[in-house]
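Shown below: structure.cif, with mmCIF, C-alpha atoms and all ligand atoms.
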data_work
#
loop_
_atom_site.label_atom_id
_atom_site.label_comp_id
_atom_site.auth_asym_id
_atom_site.auth_seq_id
_atom_site.Cartn_x
_atom_site.Cartn_y
_atom_site.Cartn_z
CA MET A 184 138.16 -2.47 11.36
CA GLU A 185 136.03 -5.61 11.64
CA HIS A 186 135.10 -7.33 8.37
CA ARG A 187 131.96 -9.34 7.64
CA SER A 188 130.84 -11.40 4.70
CA LEU A 189 128.57 -9.95 2.03
CA ALA A 190 127.70 -12.52 -0.63
CA GLY A 191 131.19 -13.96 -0.48
CA LEU A 192 132.96 -10.56 -0.37
CA SER A 193 134.81 -9.59 2.80
CA VAL A 194 133.60 -6.06 3.62
CA PRO A 195 134.54 -3.62 6.40
CA VAL A 196 131.59 -2.91 8.71
CA ILE A 197 131.90 0.85 8.12
CA GLY A 198 131.84 2.23 4.60
CA MET A 199 130.78 5.52 3.07
CA GLY A 200 127.71 6.83 1.25
CA THR A 201 127.85 9.61 -1.34
CA SER A 202 124.25 10.83 -1.70
CA GLN A 203 124.40 14.66 -1.77
CA THR A 204 127.85 14.74 -0.17
CA PHE A 205 129.65 13.91 -3.46
CA ASP A 206 127.27 15.71 -5.82
CA VAL A 207 129.67 18.52 -6.72
CA ALA A 208 130.40 19.60 -10.29
CA GLU A 209 134.18 19.72 -9.85
CA VAL A 210 136.32 17.22 -7.99
CA ASP A 211 137.71 19.26 -5.08
CA ASP A 212 140.20 18.88 -2.25
CA THR A 213 137.43 18.21 0.29
CA ARG A 214 136.08 15.23 -1.65
CA ARG A 215 139.63 13.92 -2.19
CA GLU A 216 140.31 14.20 1.52
CA ILE A 217 137.07 12.44 2.49
CA THR A 218 137.84 9.48 0.22
CA THR A 219 141.48 9.32 1.34
CA THR A 220 140.38 9.41 4.99
CA ALA A 221 137.87 6.62 4.38
CA LEU A 222 140.46 4.40 2.69
CA ASP A 223 143.18 5.21 5.25
CA HIS A 224 140.81 4.18 8.07
CA GLY A 225 139.71 0.98 6.39
CA ALA A 226 136.23 2.21 5.42
CA THR A 227 136.77 0.89 1.93
CA PHE A 228 133.15 0.05 1.04
CA VAL A 229 131.76 3.00 -0.97
CA ASP A 230 128.20 3.42 -2.23
CA SER A 231 126.87 5.62 -5.02
CA SER A 232 124.16 5.88 -7.68
CA PRO A 233 123.35 7.67 -10.92
CA MET A 234 120.56 9.25 -8.85
CA TYR A 235 123.20 11.25 -6.94
CA GLY A 236 124.08 13.72 -9.69
CA HIS A 237 127.86 13.98 -10.09
CA ALA A 238 128.61 11.60 -7.21
CA GLU A 239 129.68 8.50 -9.15
CA ARG A 240 132.09 10.46 -11.36
CA VAL A 241 133.51 12.39 -8.39
CA LEU A 242 133.86 9.25 -6.28
CA GLY A 243 135.63 7.42 -9.12
CA ALA A 244 138.01 10.35 -9.61
CA THR A 245 138.84 10.59 -5.90
CA LEU A 246 139.56 6.87 -5.70
CA GLY A 247 142.05 7.31 -8.54
CA SER A 248 144.97 4.90 -8.31
CA ARG A 249 143.60 3.54 -5.01
CA ARG A 250 140.56 2.07 -6.79
CA PRO A 251 141.79 -1.52 -6.15
CA GLU A 252 141.54 -0.92 -2.38
CA ALA A 253 137.84 -0.10 -2.61
CA ILE A 254 134.72 -2.24 -2.74
CA VAL A 255 132.42 -0.21 -4.94
CA ALA A 256 128.65 -0.49 -4.72
CA THR A 257 126.57 1.50 -7.18
CA LYS A 258 123.09 1.31 -8.69
CA VAL A 259 120.95 1.40 -11.79
CA TRP A 260 117.94 3.72 -11.56
CA THR A 261 115.68 4.27 -14.55
CA PRO A 262 112.37 2.92 -15.91
CA ASP A 263 113.90 2.78 -19.43
CA ASP A 264 115.64 -0.46 -20.44
CA GLU A 265 118.08 1.10 -22.92
CA GLU A 266 118.93 3.92 -20.55
CA ALA A 267 119.65 1.26 -17.93
CA GLU A 268 122.31 -0.27 -20.20
CA ARG A 269 123.82 3.17 -20.72
CA GLN A 270 123.81 3.85 -16.98
CA ILE A 271 125.52 0.54 -16.26
CA ASP A 272 128.17 1.26 -18.91
CA ALA A 273 128.76 4.73 -17.47
CA SER A 274 129.09 3.39 -13.92
CA LEU A 275 131.56 0.72 -15.01
CA ALA A 276 133.63 3.40 -16.76
CA PHE A 277 133.75 5.54 -13.59
CA PHE A 278 135.15 2.62 -11.60
CA GLY A 279 137.75 1.10 -13.91
CA GLY A 280 135.51 -1.35 -15.78
CA HIS A 281 134.36 -3.38 -12.78
CA VAL A 282 131.93 -2.82 -9.91
CA GLU A 283 131.77 -5.16 -6.93
CA VAL A 284 128.10 -4.67 -5.96
CA PHE A 285 125.48 -3.48 -8.47
CA GLN A 286 122.06 -2.64 -7.03
CA VAL A 287 118.62 -2.02 -8.48
CA HIS A 288 117.87 1.40 -6.98
CA ASN A 289 114.48 1.62 -5.27
CA LEU A 290 113.35 -1.52 -7.14
CA VAL A 291 112.66 0.44 -10.35
CA GLU A 292 111.72 -2.18 -13.03
CA TRP A 293 113.50 -4.74 -10.90
CA ARG A 294 112.73 -7.89 -12.90
CA THR A 295 114.23 -6.52 -16.11
CA ARG A 296 117.08 -4.82 -14.23
CA LEU A 297 118.01 -8.11 -12.55
CA ASP A 298 118.11 -9.76 -16.02
CA GLN A 299 120.43 -7.01 -17.22
CA LEU A 300 122.69 -7.10 -14.16
CA GLU A 301 122.90 -10.90 -14.26
CA ARG A 302 124.11 -10.72 -17.85
CA ARG A 303 126.79 -8.22 -16.75
CA ARG A 304 127.77 -10.49 -13.88
CA ASP A 305 128.08 -13.43 -16.27
CA ALA A 306 130.32 -11.23 -18.44
CA GLY A 307 132.57 -10.61 -15.42
CA GLN A 308 131.76 -6.89 -15.10
CA LEU A 309 130.35 -7.11 -11.57
CA ASP A 310 130.42 -9.51 -8.64
CA VAL A 311 127.17 -9.19 -6.66
CA VAL A 312 123.65 -8.30 -7.86
CA ALA A 313 121.64 -6.47 -5.19
CA ALA A 314 118.55 -4.33 -4.63
CA THR A 315 117.61 -1.35 -2.46
CA HIS A 316 114.62 0.48 -1.09
CA TRP A 317 114.33 3.10 1.63
CA LYS A 318 110.56 3.20 2.13
CA ALA A 319 108.91 1.06 4.82
CA SER A 320 105.90 0.50 2.52
CA GLU A 321 108.14 -1.16 -0.11
CA LEU A 322 109.98 -3.57 2.18
CA GLY A 323 107.46 -6.35 1.44
CA GLU A 324 108.34 -6.17 -2.24
CA LEU A 325 112.03 -6.14 -1.36
CA GLU A 326 111.45 -9.33 0.67
CA ASP A 327 109.80 -10.85 -2.45
CA VAL A 328 112.95 -9.98 -4.42
CA MET A 329 115.08 -11.65 -1.72
CA ARG A 330 113.00 -14.82 -2.00
CA THR A 331 113.68 -15.09 -5.76
CA GLY A 332 117.24 -16.11 -4.87
CA ARG A 333 118.55 -13.60 -7.42
CA VAL A 334 120.17 -11.04 -5.08
CA GLY A 335 123.23 -11.47 -2.88
CA ALA A 336 122.59 -8.29 -0.88
CA VAL A 337 119.98 -5.66 -0.09
CA GLN A 338 120.35 -2.05 1.06
CA VAL A 339 117.84 -0.75 3.63
CA PRO A 340 117.57 1.96 6.31
CA TYR A 341 118.04 0.99 9.96
CA ASN A 342 118.37 3.40 12.89
CA PRO A 343 116.42 4.11 16.11
CA HIS A 344 113.80 6.06 14.12
CA GLU A 345 113.55 3.58 11.22
CA ARG A 346 113.23 0.08 12.63
CA ASP A 347 110.83 -1.44 10.08
CA VAL A 348 113.43 -4.00 8.91
CA GLU A 349 113.81 -5.53 12.38
CA GLU A 350 110.75 -7.73 12.42
CA ARG A 351 110.97 -9.56 9.09
CA LEU A 352 113.58 -8.35 6.62
CA LEU A 353 116.71 -8.72 8.75
CA PRO A 354 115.77 -12.22 10.00
CA LEU A 355 114.95 -13.18 6.38
CA ALA A 356 118.35 -11.90 5.22
CA ALA A 357 120.03 -13.99 7.91
CA ASP A 358 117.98 -17.07 6.96
CA LEU A 359 118.77 -16.72 3.27
CA GLY A 360 122.41 -15.69 3.76
CA ILE A 361 121.81 -12.36 2.00
CA GLY A 362 124.12 -9.47 2.87
CA VAL A 363 122.68 -6.23 4.29
CA ILE A 364 124.01 -2.76 3.48
CA LEU A 365 122.70 -0.32 6.09
CA MET A 366 121.78 3.09 4.66
CA ARG A 367 120.80 6.23 6.62
CA PRO A 368 122.47 5.25 9.94
CA PHE A 369 121.82 8.85 11.10
CA ALA A 370 118.35 9.10 9.48
CA ALA A 371 119.87 11.38 6.82
CA GLY A 372 121.31 13.62 9.54
CA GLY A 373 118.06 13.84 11.51
CA LEU A 374 119.56 12.00 14.49
CA VAL A 375 122.89 13.76 14.81
CA GLY A 376 121.46 17.18 15.67
CA ARG A 377 121.20 16.08 19.30
CA SER A 378 124.30 15.60 21.41
CA PRO A 379 123.79 13.58 24.57
CA SER A 380 126.13 14.46 27.43
CA ALA A 381 129.23 12.46 28.30
CA GLN A 382 127.32 11.23 31.35
CA GLU A 383 124.47 9.91 29.20
CA LEU A 384 126.94 8.16 26.88
CA ALA A 385 129.05 6.76 29.75
CA PRO A 386 127.44 3.26 29.71
CA LEU A 387 128.61 2.95 26.08
CA ALA A 388 132.25 3.86 26.83
CA PRO A 389 133.24 0.19 27.41
CA PHE A 390 132.07 -0.38 23.81
CA GLY A 391 134.55 2.21 22.52
CA VAL A 392 131.88 4.85 21.91
CA THR A 393 133.07 8.44 22.30
CA SER A 394 130.25 10.27 20.46
CA PHE A 395 126.55 9.92 19.64
CA PRO A 396 127.19 9.29 15.90
CA GLN A 397 129.39 6.37 16.91
CA ALA A 398 126.60 5.09 19.17
CA LEU A 399 124.20 5.22 16.21
CA LEU A 400 126.63 3.34 13.96
CA LYS A 401 127.16 0.66 16.60
CA TYR A 402 123.38 0.44 17.10
CA GLY A 403 122.91 -0.77 13.51
CA LEU A 404 126.03 -2.91 13.35
CA SER A 405 125.08 -4.72 16.54
CA HIS A 406 122.40 -6.54 14.57
CA PRO A 407 124.14 -9.68 13.35
CA ALA A 408 122.37 -9.62 9.96
CA VAL A 409 123.95 -6.26 9.03
CA SER A 410 127.10 -6.48 6.91
CA VAL A 411 128.16 -2.83 6.45
CA SER A 412 126.90 0.64 7.38
CA ILE A 413 127.43 3.55 4.95
CA PRO A 414 127.30 6.97 6.69
CA ALA A 415 127.78 9.99 4.42
CA THR A 416 129.60 13.19 5.36
CA THR A 417 131.05 16.34 3.82
CA ARG A 418 133.69 16.57 6.59
CA PRO A 419 136.84 14.42 6.47
CA GLU A 420 137.29 14.43 10.25
CA ARG A 421 133.79 12.97 10.63
CA MET A 422 134.71 10.18 8.22
CA ALA A 423 137.51 9.27 10.65
CA GLU A 424 135.16 9.50 13.64
CA ASN A 425 132.66 7.24 11.88
CA ALA A 426 135.29 4.69 10.87
CA ALA A 427 136.39 4.42 14.51
CA ALA A 428 133.04 2.75 15.31
CA GLY A 429 134.01 -0.26 13.21
CA ASP A 430 135.20 -2.62 15.92
CA GLY A 431 133.46 -4.60 18.61
CA PRO A 432 132.38 -5.19 21.25
CA TRP A 433 128.85 -4.78 19.93
CA PHE A 434 125.76 -3.66 21.84
CA GLY A 435 123.33 -5.96 23.58
CA PRO A 436 119.61 -5.18 24.17
CA GLU A 437 120.34 -2.79 27.06
CA GLU A 438 122.73 -0.61 25.09
CA LYS A 439 120.39 -0.58 22.08
CA ALA A 440 117.52 0.49 24.34
CA LEU A 441 119.69 3.30 25.74
CA VAL A 442 120.49 4.58 22.22
CA GLU A 443 116.76 4.49 21.40
CA ARG A 444 116.01 6.58 24.50
CA LEU A 445 118.78 9.06 23.66
CA ALA A 446 117.43 9.33 20.10
CA ALA A 447 113.81 9.79 21.17
N1 LIG A 501 117.38 4.13 -1.85
C1 LIG A 501 118.66 4.03 -1.61
O1 LIG A 501 119.32 3.16 -2.12
C2 LIG A 501 119.30 4.98 -0.63
C3 LIG A 501 118.52 5.95 0.05
C4 LIG A 501 119.17 6.78 0.98
C5 LIG A 501 120.55 6.65 1.21
N2 LIG A 501 121.28 5.73 0.51
C6 LIG A 501 122.75 5.59 0.72
O2 LIG A 501 123.02 5.64 2.12
C7 LIG A 501 123.98 6.67 2.39
C8 LIG A 501 123.77 7.24 3.79
O3 LIG A 501 122.51 7.84 3.91
P1 LIG A 501 122.30 9.41 3.96
O4 LIG A 501 123.43 10.07 3.26
O5 LIG A 501 120.92 9.70 3.46
O6 LIG A 501 122.26 9.77 5.50
P2 LIG A 501 123.14 9.49 6.81
O7 LIG A 501 124.44 8.87 6.48
O8 LIG A 501 122.22 8.85 7.78
O9 LIG A 501 123.37 10.98 7.33
C9 LIG A 501 124.18 11.89 6.62
C10 LIG A 501 124.24 13.16 7.43
O10 LIG A 501 124.88 12.91 8.68
C11 LIG A 501 125.87 13.91 8.94
N3 LIG A 501 127.03 13.24 9.56
C12 LIG A 501 127.78 12.23 9.08
N4 LIG A 501 128.73 11.85 9.96
C13 LIG A 501 128.56 12.66 11.05
C14 LIG A 501 129.22 12.76 12.32
N5 LIG A 501 130.25 11.96 12.64
N6 LIG A 501 128.80 13.73 13.18
C15 LIG A 501 127.76 14.54 12.88
N7 LIG A 501 127.09 14.48 11.71
C16 LIG A 501 127.48 13.54 10.80
C17 LIG A 501 126.22 14.51 7.61
O11 LIG A 501 126.44 15.89 7.75
P3 LIG A 501 127.92 16.53 7.40
O12 LIG A 501 128.06 16.42 5.92
O13 LIG A 501 127.76 17.95 7.89
O14 LIG A 501 128.91 15.72 8.18
C18 LIG A 501 124.98 14.27 6.75
O15 LIG A 501 124.13 15.41 6.81
C19 LIG A 501 123.75 7.66 1.25
O16 LIG A 501 124.81 8.56 1.10
C20 LIG A 501 123.57 6.71 0.09
O17 LIG A 501 124.83 6.23 -0.35
C21 LIG A 501 120.66 4.88 -0.39
#

Please lay out the structure from this file as structure tokens.
Ligand SMILES: NC(=O)c1ccc[n+]([C@@H]2O[C@H](COP(=O)([O-])OP(=O)(O)OC[C@H]3O[C@@H](n4cnc5c(N)ncnc54)[C@H](OP(=O)(O)O)[C@@H]3O)[C@@H](O)[C@H]2O)c1
Amino acid sequence: MEHRSLAGLSVPVIGMGTSQTFDVAEVDDTRREITTTALDHGATFVDSSPMYGHAERVLGATLGSRRPEAIVATKVWTPDDEEAERQIDASLAFFGGHVEVFQVHNLVEWRTRLDQLERRRDAGQLDVVAATHWKASELGELEDVMRTGRVGAVQVPYNPHERDVEERLLPLAADLGIGVILMRPFAAGGLVGRSPSAQELAPLAPFGVTSFPQALLKYGLSHPAVSVSIPATTRPERMAENAAAGDGPWFGPEEKALVERLAA
């Protein structure tokens, strides 16, 4: 698995999201197997949020004694300043008292949240302060946050159907040396319903691609500004399939154009 730099952390290019997929009331064998598969295949970057119901608690429990192998990214998501402190405390408790990447989810009260997260970073409770948004209309504000110099990473969507970050945000991240966490590589599942034939995928075989989900993962990771992609799944075998897209060679313009046509 190739590693890239994210604000001084070395991160694998494939990680794992937990929105919906880890929102189960009881920790079960499926969730344990998904996390174990991710770690065993080197997809050690895991992303969660208090927005995702039970996901942080379940993810923390499934990491268990292997927590030191993981690079945990989570978020704070509330308009209430005191609740934000409680959320941050709860997240830290789920992940053994330390979180590698702490993000302001959807830019909610971002100025105050950055103050709070910076204090936690100064106290040694987290490594990297970051911010996320998924909506194209909010990317301008996310760019403003990047220009403050206060975030080491941002999390944004990027796939053949959501290319709004290409024009400005990704070049800005590269210019400023800000890491990029790629969310929604499959457009929340919307792109994996189609299954191009082996013949259609044949030009991507020299790039190690054996399935359309792998083509979509390589599509995002072929942008040099992207640090890590975080597909989510409820099926352990798919976690392994996704992790297998984590090595070069990476796509050039022709291969990216092909994936766009296959996704159209
Ligand atoms: N504002 C934010 O900060 C924000 C917003 C959105 C997402 N995120 C983060 O980004 C992560 C990823 O985004 P997402 O979960 O919305 O969507 P996604 O990863 O683009 O797509 C997830 C869907 O793809 C399917 N899938 C995964 N691997 C597959 C494979 N190999 N073959 C076929 N289908 C596959 C899954 O179905 P199965 O379960 O059936 O495999 C699931 O329905 C989230 O989990 C979350 O951590 C953050």

Neighbourhood of ligand LIG 501 (chain A) at 9 Å, counting all atoms listed in the file, reported as a PDB file with C-alpha atoms, keeping the file's coordinate frame:
ATOM      1  CA  MET A 199     130.780   5.520   3.070  1.00  0.00           C
ATOM      2  CA  GLY A 200     127.710   6.830   1.250  1.00  0.00           C
ATOM      3  CA  THR A 201     127.850   9.610  -1.340  1.00  0.00           C
ATOM      4  CA  SER A 202     124.250  10.830  -1.700  1.00  0.00           C
ATOM      5  CA  GLN A 203     124.400  14.660  -1.770  1.00  0.00           C
ATOM      6  CA  THR A 204     127.850  14.740  -0.170  1.00  0.00           C
ATOM      7  CA  PHE A 205     129.650  13.910  -3.460  1.00  0.00           C
ATOM      8  CA  VAL A 229     131.760   3.000  -0.970  1.00  0.00           C
ATOM      9  CA  ASP A 230     128.200   3.420  -2.230  1.00  0.00           C
ATOM     10  CA  SER A 231     126.870   5.620  -5.020  1.00  0.00           C
ATOM     11  CA  SER A 232     124.160   5.880  -7.680  1.00  0.00           C
ATOM     12  CA  TYR A 235     123.200  11.250  -6.940  1.00  0.00           C
ATOM     13  CA  ALA A 256     128.650  -0.490  -4.720  1.00  0.00           C
ATOM     14  CA  THR A 257     126.570   1.500  -7.180  1.00  0.00           C
ATOM     15  CA  LYS A 258     123.090   1.310  -8.690  1.00  0.00           C
ATOM     16  CA  GLN A 286     122.060  -2.640  -7.030  1.00  0.00           C
ATOM     17  CA  VAL A 287     118.620  -2.020  -8.480  1.00  0.00           C
ATOM     18  CA  HIS A 288     117.870   1.400  -6.980  1.00  0.00           C
ATOM     19  CA  ASN A 289     114.480   1.620  -5.270  1.00  0.00           C
ATOM     20  CA  LEU A 290     113.350  -1.520  -7.140  1.00  0.00           C
ATOM     21  CA  ALA A 314     118.550  -4.330  -4.630  1.00  0.00           C
ATOM     22  CA  THR A 315     117.610  -1.350  -2.460  1.00  0.00           C
ATOM     23  CA  HIS A 316     114.620   0.480  -1.090  1.00  0.00           C
ATOM     24  CA  TRP A 317     114.330   3.100   1.630  1.00  0.00           C
ATOM     25  CA  LYS A 318     110.560   3.200   2.130  1.00  0.00           C
ATOM     26  CA  GLN A 338     120.350  -2.050   1.060  1.00  0.00           C
ATOM     27  CA  VAL A 339     117.840  -0.750   3.630  1.00  0.00           C
ATOM     28  CA  PRO A 340     117.570   1.960   6.310  1.00  0.00           C
ATOM     29  CA  ASN A 342     118.370   3.400  12.890  1.00  0.00           C
ATOM     30  CA  ILE A 364     124.010  -2.760   3.480  1.00  0.00           C
ATOM     31  CA  LEU A 365     122.700  -0.320   6.090  1.00  0.00           C
ATOM     32  CA  MET A 366     121.780   3.090   4.660  1.00  0.00           C
ATOM     33  CA  ARG A 367     120.800   6.230   6.620  1.00  0.00           C
ATOM     34  CA  PRO A 368     122.470   5.250   9.940  1.00  0.00           C
ATOM     35  CA  PHE A 369     121.820   8.850  11.100  1.00  0.00           C
ATOM     36  CA  ALA A 370     118.350   9.100   9.480  1.00  0.00           C
ATOM     37  CA  ALA A 371     119.870  11.380   6.820  1.00  0.00           C
ATOM     38  CA  GLY A 372     121.310  13.620   9.540  1.00  0.00           C
ATOM     39  CA  GLY A 373     118.060  13.840  11.510  1.00  0.00           C
ATOM     40  CA  LEU A 374     119.560  12.000  14.490  1.00  0.00           C
ATOM     41  CA  VAL A 375     122.890  13.760  14.810  1.00  0.00           C
ATOM     42  CA  GLY A 376     121.460  17.180  15.670  1.00  0.00           C
ATOM     43  CA  SER A 394     130.250  10.270  20.460  1.00  0.00           C
ATOM     44  CA  PHE A 395     126.550   9.920  19.640  1.00  0.00           C
ATOM     45  CA  PRO A 396     127.190   9.290  15.900  1.00  0.00           C
ATOM     46  CA  GLN A 397     129.390   6.370  16.910  1.00  0.00           C
ATOM     47  CA  SER A 412     126.900   0.640   7.380  1.00  0.00           C
ATOM     48  CA  ILE A 413     127.430   3.550   4.950  1.00  0.00           C
ATOM     49  CA  PRO A 414     127.300   6.970   6.690  1.00  0.00           C
ATOM     50  CA  ALA A 415     127.780   9.990   4.420  1.00  0.00           C
ATOM     51  CA  THR A 416     129.600  13.190   5.360  1.00  0.00           C
ATOM     52  CA  THR A 417     131.050  16.340   3.820  1.00  0.00           C
ATOM     53  CA  ARG A 418     133.690  16.570   6.590  1.00  0.00           C
ATOM     54  CA  PRO A 419     136.840  14.420   6.470  1.00  0.00           C
ATOM     55  CA  GLU A 420     137.290  14.430  10.250  1.00  0.00           C
ATOM     56  CA  ARG A 421     133.790  12.970  10.630  1.00  0.00           C
ATOM     57  CA  MET A 422     134.710  10.180   8.220  1.00  0.00           C
ATOM     58  CA  ALA A 423     137.510   9.270  10.650  1.00  0.00           C
ATOM     59  CA  GLU A 424     135.160   9.500  13.640  1.00  0.00           C
ATOM     60  CA  ASN A 425     132.660   7.240  11.880  1.00  0.00           C
TER      61      ASN A 425
END

Exercise for review: Find the distance between CA of Phe277 in chain A and CA of Gly236 in chain A and write it in Å to one decimal.
Suggested key: 13.3 Å

Check your understanding: Near Phe434 in chain A, counting only C-alpha atoms, which residues have an atom at most 8 Å away, once you skip same-chain residues fewer than 2 positions from it, shown as a list in words?
Key -> Phe390, Lys401, Tyr402, Ser405, Pro432, Pro436, Glu437, Glu438 and Lys439 of chain A

With only C-alpha atoms counted and 12 Å as the cut-off, give the residues of range 293-343 of chain A in contact with range 250-254 of chain A, each with its shortest interatomic distance in Å and the pair that gives it, as a tab-separated table.
residue	atom	partner	partner_atom	distance
A:Leu309	CA	A:Ile254	CA	11.0
A:Asp310	CA	A:Ile254	CA	10.3
A:Val311	CA	A:Ile254	CA	11.0

Exercise for review: State, in Å with one decimal place, the distance from CA of Ala267 in chain A to CA of His281 in chain A.
Suggested key: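 Separation between CA of Ala267 in chain A and CA of His281 in chain A: 16.3 Å.
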
Check your understanding: So which one's closest to Gly431 in chain A, A:Leu400, A:Ala385, A:Ala446, A:Ile361? Using only C-alpha atoms, please.
Key -> A:Leu400

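A straight line drawn from CA of Phe228 in chain A to CA of Ala244 in chain A is 15.6 Å long.
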
**Study point:** Residue list as a PyMOL selection string for point (111.6, 4.4, 14.1), cut-off 10 Å, all atoms listed in the file
**Key:** chain A and resi 341-347+370+443+446-447

Review point. Between A:Leu322, A:Ala427, A:Ile271, A:Leu387, which is the closest to Pro195 in chain A once you count only C-alpha atoms?
Key: A:Ala427

Check your understanding: Mind listing as a list in words all residues within 6 Å of (121.8, -7.4, -3.8), counting all atoms listed in the file?
Key -> Gln286, Val312, Ala313, Ala314, Val334, Gly335, Ala336 and Val337 of chain A

Point to revise | Non-local contacts of Asp358 in chain A (12 Å; all atoms listed in the file; under 2 positions in same chain excluded) as a list in words | key: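 Counting only the stated atoms, we get Glu326, Met329, Arg330, Gly332, Arg351, Leu352, Leu353, Pro354, Leu355, Ala356, Gly360, Ile361, Gly362, Pro407 and Ala408 of chain A.
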
Point to revise | Nearest candidate to His406 in chain A (options A:Asp223, A:Asp327, A:Glu292, A:Glu350; using all atoms listed in the file) | key: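 Closest candidate: A:Glu350.
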